[in-house]
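A.B. asks: Below you will find the structure I want to go over with you.
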Amino acid sequence: MGWFKRFKEGIQTATKNKKEAPDGLWYKCKKCSEPGTVKEFREQFFICHKCGHHARIGSHDYFDIIFDGKYEQLFEELDSVDFLEFTDLQSYSDRLVKAKAKTDLTEAITVARGKVGKKPLVIAAMDFTFIGGSMGSVMGERISRAIDYCVKHKVPLMILSKTGGARMMESAFSLMQMAKTSAKLTLLAAAQVPYFSFLTDPTTGGVTASFAMLGDINFSEPGALIGFAGPRVIKETIKKDLPEGFQSSEFLIDHGFLDFIVSRNELKAKISDLLVMFHNPATA
């Protein structure tokens with residue numbers, strides 16, 4: 001046995017997601033291999049103290065980092081079903097059962113309401129460990145209902161993206177969520193309710209091509225992979241070599257696709273500032 005036990009893909013440490021918690025007392029950074037204790041890693045917001053790499057974490061970890069304290073989950077009653085009876089290497093029904101057992105989540109997105117800097121905020125956060133954070137009908141409906149809630153209660157919305165794109169097991173129904181969520185966001189704009197889009201590693205596919213890039217503010221963590229199609233597909237399509245790191249958050253901000261990049265240890269303070277800047281007394 002070695003000195004270190006490996007993390008599973010996508011670190012989850014909150015009570016809701018105990019099954020994804022790292023084993024043992026030690027961890028090794030996936031980028032630079034720097035060792036450290038799990039306790040220190042957690043206290044550092046899951047950021048490597050040597051290279052600054054932001055490890056992937058889950059929705060409840062972000063809720064713990066961002067919200068002032070308690071938060072309440074919304075729309076947990078919405079549940080994905082295999083209405084197409086889709087089967088590839090295994091049935092979609094089996095995939096859903098295994099994903100729920102592995103992550104202790106009900107879907108690839110979790111919606112919660114709470115306060116940040118004593119101001120209300122609704123966050124819809126994705127989990128990559130749940131079928132790659134893929135967008136299906138339930139994800140689209142939870143986002144839709146979150147928008148309706150924010151319009152009704154005049155509460156800003158933040159969507160935290162971490163996804164591989166549309167859920168192929170739901171075929172065209174998953175692609176329809178792109179149009180559905182994008183259209184629903186116009187209701188927020190009409191109601192003058194702010195929408196913040198936070199892109200984390202990775203944000204790809206149909207999510208990038210729809211609501212992830214439609215925020216009043218689009219921002220990201222350092223080093224996040226953000227793009228629509230993969231580099232090989234793009235290269236074959238445009239028949240040109242691609243610049244190195246062209247899908248990183250740092251490349252995107254240099255080319256005008258993001259408003260800013262924020263380190264996870266400064267995330268709560270930045271969101272609190274945004275809520276003050278976008279506060280509309282007329283909707284309070």
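If you're wondering about the labels, chains in the structure tokens are A, B, ... by order shown, residues count from 1 in each chain, ligands from 1 in order shown.
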Which residues in region 6-246 of chain A does DSSP call helix (DSSP H, G or I)? List them as a ChimeraX atom specification.

C.D. replies: /A:15-20,38-43,59-66,92-103,131-133,137-153,168-170,172-190,205-208,211-213,231-238

A.B. asks: Residues at most 10 Å from Met158 (chain A), counting only C-alpha atoms, excluding those fewer than 4 positions away in the same chain, as a PyMOL selection string?

C.D. replies: chain A and resi 111+121-125+146-147+194-198+215+217+271

A.B. asks: Quick one: write out the picked residues with N, CA and C atoms as a PDB file, in the first residue's frame?

C.D. replies:
```pdb
ATOM      1  N   VAL A 111     -31.224  22.514  -6.165  1.00  0.00           N
ATOM      2  CA  VAL A 111     -31.611  23.919  -5.991  1.00  0.00           C
ATOM      3  C   VAL A 111     -31.799  24.194  -4.503  1.00  0.00           C
ATOM      4  N   LEU A 121     -30.651  34.551  -1.773  1.00  0.00           N
ATOM      5  CA  LEU A 121     -30.128  34.077  -3.050  1.00  0.00           C
ATOM      6  C   LEU A 121     -30.609  32.642  -3.266  1.00  0.00           C
ATOM      7  N   VAL A 122     -30.979  32.330  -4.496  1.00  0.00           N
ATOM      8  CA  VAL A 122     -31.289  30.955  -4.891  1.00  0.00           C
ATOM      9  C   VAL A 122     -30.139  30.454  -5.753  1.00  0.00           C
ATOM     10  N   ILE A 123     -29.610  29.279  -5.417  1.00  0.00           N
ATOM     11  CA  ILE A 123     -28.518  28.678  -6.182  1.00  0.00           C
ATOM     12  C   ILE A 123     -28.971  27.335  -6.736  1.00  0.00           C
ATOM     13  N   ALA A 124     -28.782  27.155  -8.043  1.00  0.00           N
ATOM     14  CA  ALA A 124     -28.988  25.857  -8.685  1.00  0.00           C
ATOM     15  C   ALA A 124     -27.611  25.331  -9.059  1.00  0.00           C
ATOM     16  N   ALA A 125     -27.141  24.300  -8.352  1.00  0.00           N
ATOM     17  CA  ALA A 125     -25.764  23.815  -8.501  1.00  0.00           C
ATOM     18  C   ALA A 125     -25.738  22.392  -9.037  1.00  0.00           C
ATOM     19  N   ALA A 146     -37.018  27.198 -10.463  1.00  0.00           N
ATOM     20  CA  ALA A 146     -36.187  28.131  -9.697  1.00  0.00           C
ATOM     21  C   ALA A 146     -36.363  29.548 -10.230  1.00  0.00           C
ATOM     22  N   ILE A 147     -36.453  29.680 -11.548  1.00  0.00           N
ATOM     23  CA  ILE A 147     -36.685  30.991 -12.161  1.00  0.00           C
ATOM     24  C   ILE A 147     -38.039  31.542 -11.745  1.00  0.00           C
ATOM     25  N   PRO A 194     -31.663  39.789 -10.947  1.00  0.00           N
ATOM     26  CA  PRO A 194     -30.330  39.415 -11.434  1.00  0.00           C
ATOM     27  C   PRO A 194     -30.150  37.910 -11.594  1.00  0.00           C
ATOM     28  N   TYR A 195     -29.363  37.540 -12.608  1.00  0.00           N
ATOM     29  CA  TYR A 195     -28.985  36.151 -12.835  1.00  0.00           C
ATOM     30  C   TYR A 195     -27.466  36.075 -12.971  1.00  0.00           C
ATOM     31  N   PHE A 196     -26.829  35.336 -12.069  1.00  0.00           N
ATOM     32  CA  PHE A 196     -25.384  35.153 -12.075  1.00  0.00           C
ATOM     33  C   PHE A 196     -25.064  33.733 -12.542  1.00  0.00           C
ATOM     34  N   SER A 197     -24.212  33.606 -13.559  1.00  0.00           N
ATOM     35  CA  SER A 197     -23.813  32.302 -14.078  1.00  0.00           C
ATOM     36  C   SER A 197     -22.370  32.025 -13.678  1.00  0.00           C
ATOM     37  N   PHE A 198     -22.179  30.970 -12.886  1.00  0.00           N
ATOM     38  CA  PHE A 198     -20.862  30.605 -12.380  1.00  0.00           C
ATOM     39  C   PHE A 198     -20.428  29.302 -13.037  1.00  0.00           C
ATOM     40  N   GLY A 215     -25.787  34.806 -18.354  1.00  0.00           N
ATOM     41  CA  GLY A 215     -25.899  35.541 -17.104  1.00  0.00           C
ATOM     42  C   GLY A 215     -25.740  37.039 -17.275  1.00  0.00           C
ATOM     43  N   ILE A 217     -24.006  38.407 -15.196  1.00  0.00           N
ATOM     44  CA  ILE A 217     -22.580  38.281 -14.945  1.00  0.00           C
ATOM     45  C   ILE A 217     -22.199  36.820 -15.187  1.00  0.00           C
ATOM     46  N   ILE A 271     -19.694  37.115  -4.320  1.00  0.00           N
ATOM     47  CA  ILE A 271     -21.143  37.023  -4.531  1.00  0.00           C
ATOM     48  C   ILE A 271     -21.872  38.028  -3.654  1.00  0.00           C
TER      49      ILE A 271
END
```

A.B. asks: Could you pull the residues within 8 Å of region 160-165 of chain A, counting only C-alpha atoms, minus those fewer than 3 positions along the same chain, as a list in words?

C.D. replies: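 Final neighbour list, sorted by chain and number: Ile123, Ala124, Ala125, Met126, Asp127, Phe128, Gly132, Gly133, Ser134, Met135, Ser197, Phe198, Leu199, Thr200, Asp201, Pro202, Thr203, Thr204, Gly205, Gly206, Val207, Thr208 and Ala212 of chain A.
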
A.B. asks: To one decimal place, how far is CA of Phe173 (chain A) from CA of Arg145 (chain A) in Å?

C.D. replies: 17.3 Å

A.B. asks: Within 12 Å of Lys98 (chain A), counting only C-alpha atoms, which residues qualify if same-chain residues fewer than 6 places away don't, as a list in words?

C.D. replies: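 So, after excluding close chain neighbours, the residues are Gln90, Ser91, Tyr92, Asp104, Leu105, Thr106, Glu107, Thr129, Phe130 and Ile131 of chain A.
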
A.B. asks: Given only C-alpha atoms as the basis, pick out the residue of A:Glu236, A:Tyr62, A:Lys119, A:Val155 nearest to Val193 (chain A).

C.D. replies: A:Val155

A.B. asks: Got a sec: who's within 7 Å of Ser93 (chain A), counting only C-alpha atoms, leaving out chain neighbours fewer than 4 positions off, as a list in words?

C.D. replies: Val81, Asp82 and Val97 of chain A

A.B. asks: Which one is closest to Lys30 (chain A): A:Lys235, A:Lys50, A:Lys152, A:Lys70? Count only C-alpha atoms.

C.D. replies: A:Lys50

A.B. asks: Report, in Å to a single decimal, how far apart CA of Ala229 (chain A) and CA of Thr103 (chain A) are.

C.D. replies: 26.7 Å

A.B. asks: Smallest atom-to-atom distance to Met176 (chain A): which of A:Ser210, A:Ala108, A:Phe45, A:Gln247, using only C-alpha atoms?

C.D. replies: A:Ser210

A.B. asks: Could you pull out the strand (DSSP E) residues of region 78-255 of chain A from DSSP and send them as number ranges by chain?

C.D. replies: A: 109-116, 119-126, 157-163, 195-203, 217-220

A.B. asks: One decimal, Å: what's the distance from CA of Pro222 (chain A) over to CA of Lys39 (chain A), could you say?

C.D. replies: 22.2 Å

A.B. asks: Which of these, A:Lys240, A:Asn280, A:Ser249, A:Met213, has the shortest distance to Ala191 (chain A) once you count only C-alpha atoms?

C.D. replies: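 Once distances to Ala191 (chain A) are computed over only C-alpha atoms, the minimum belongs to A:Asn280.
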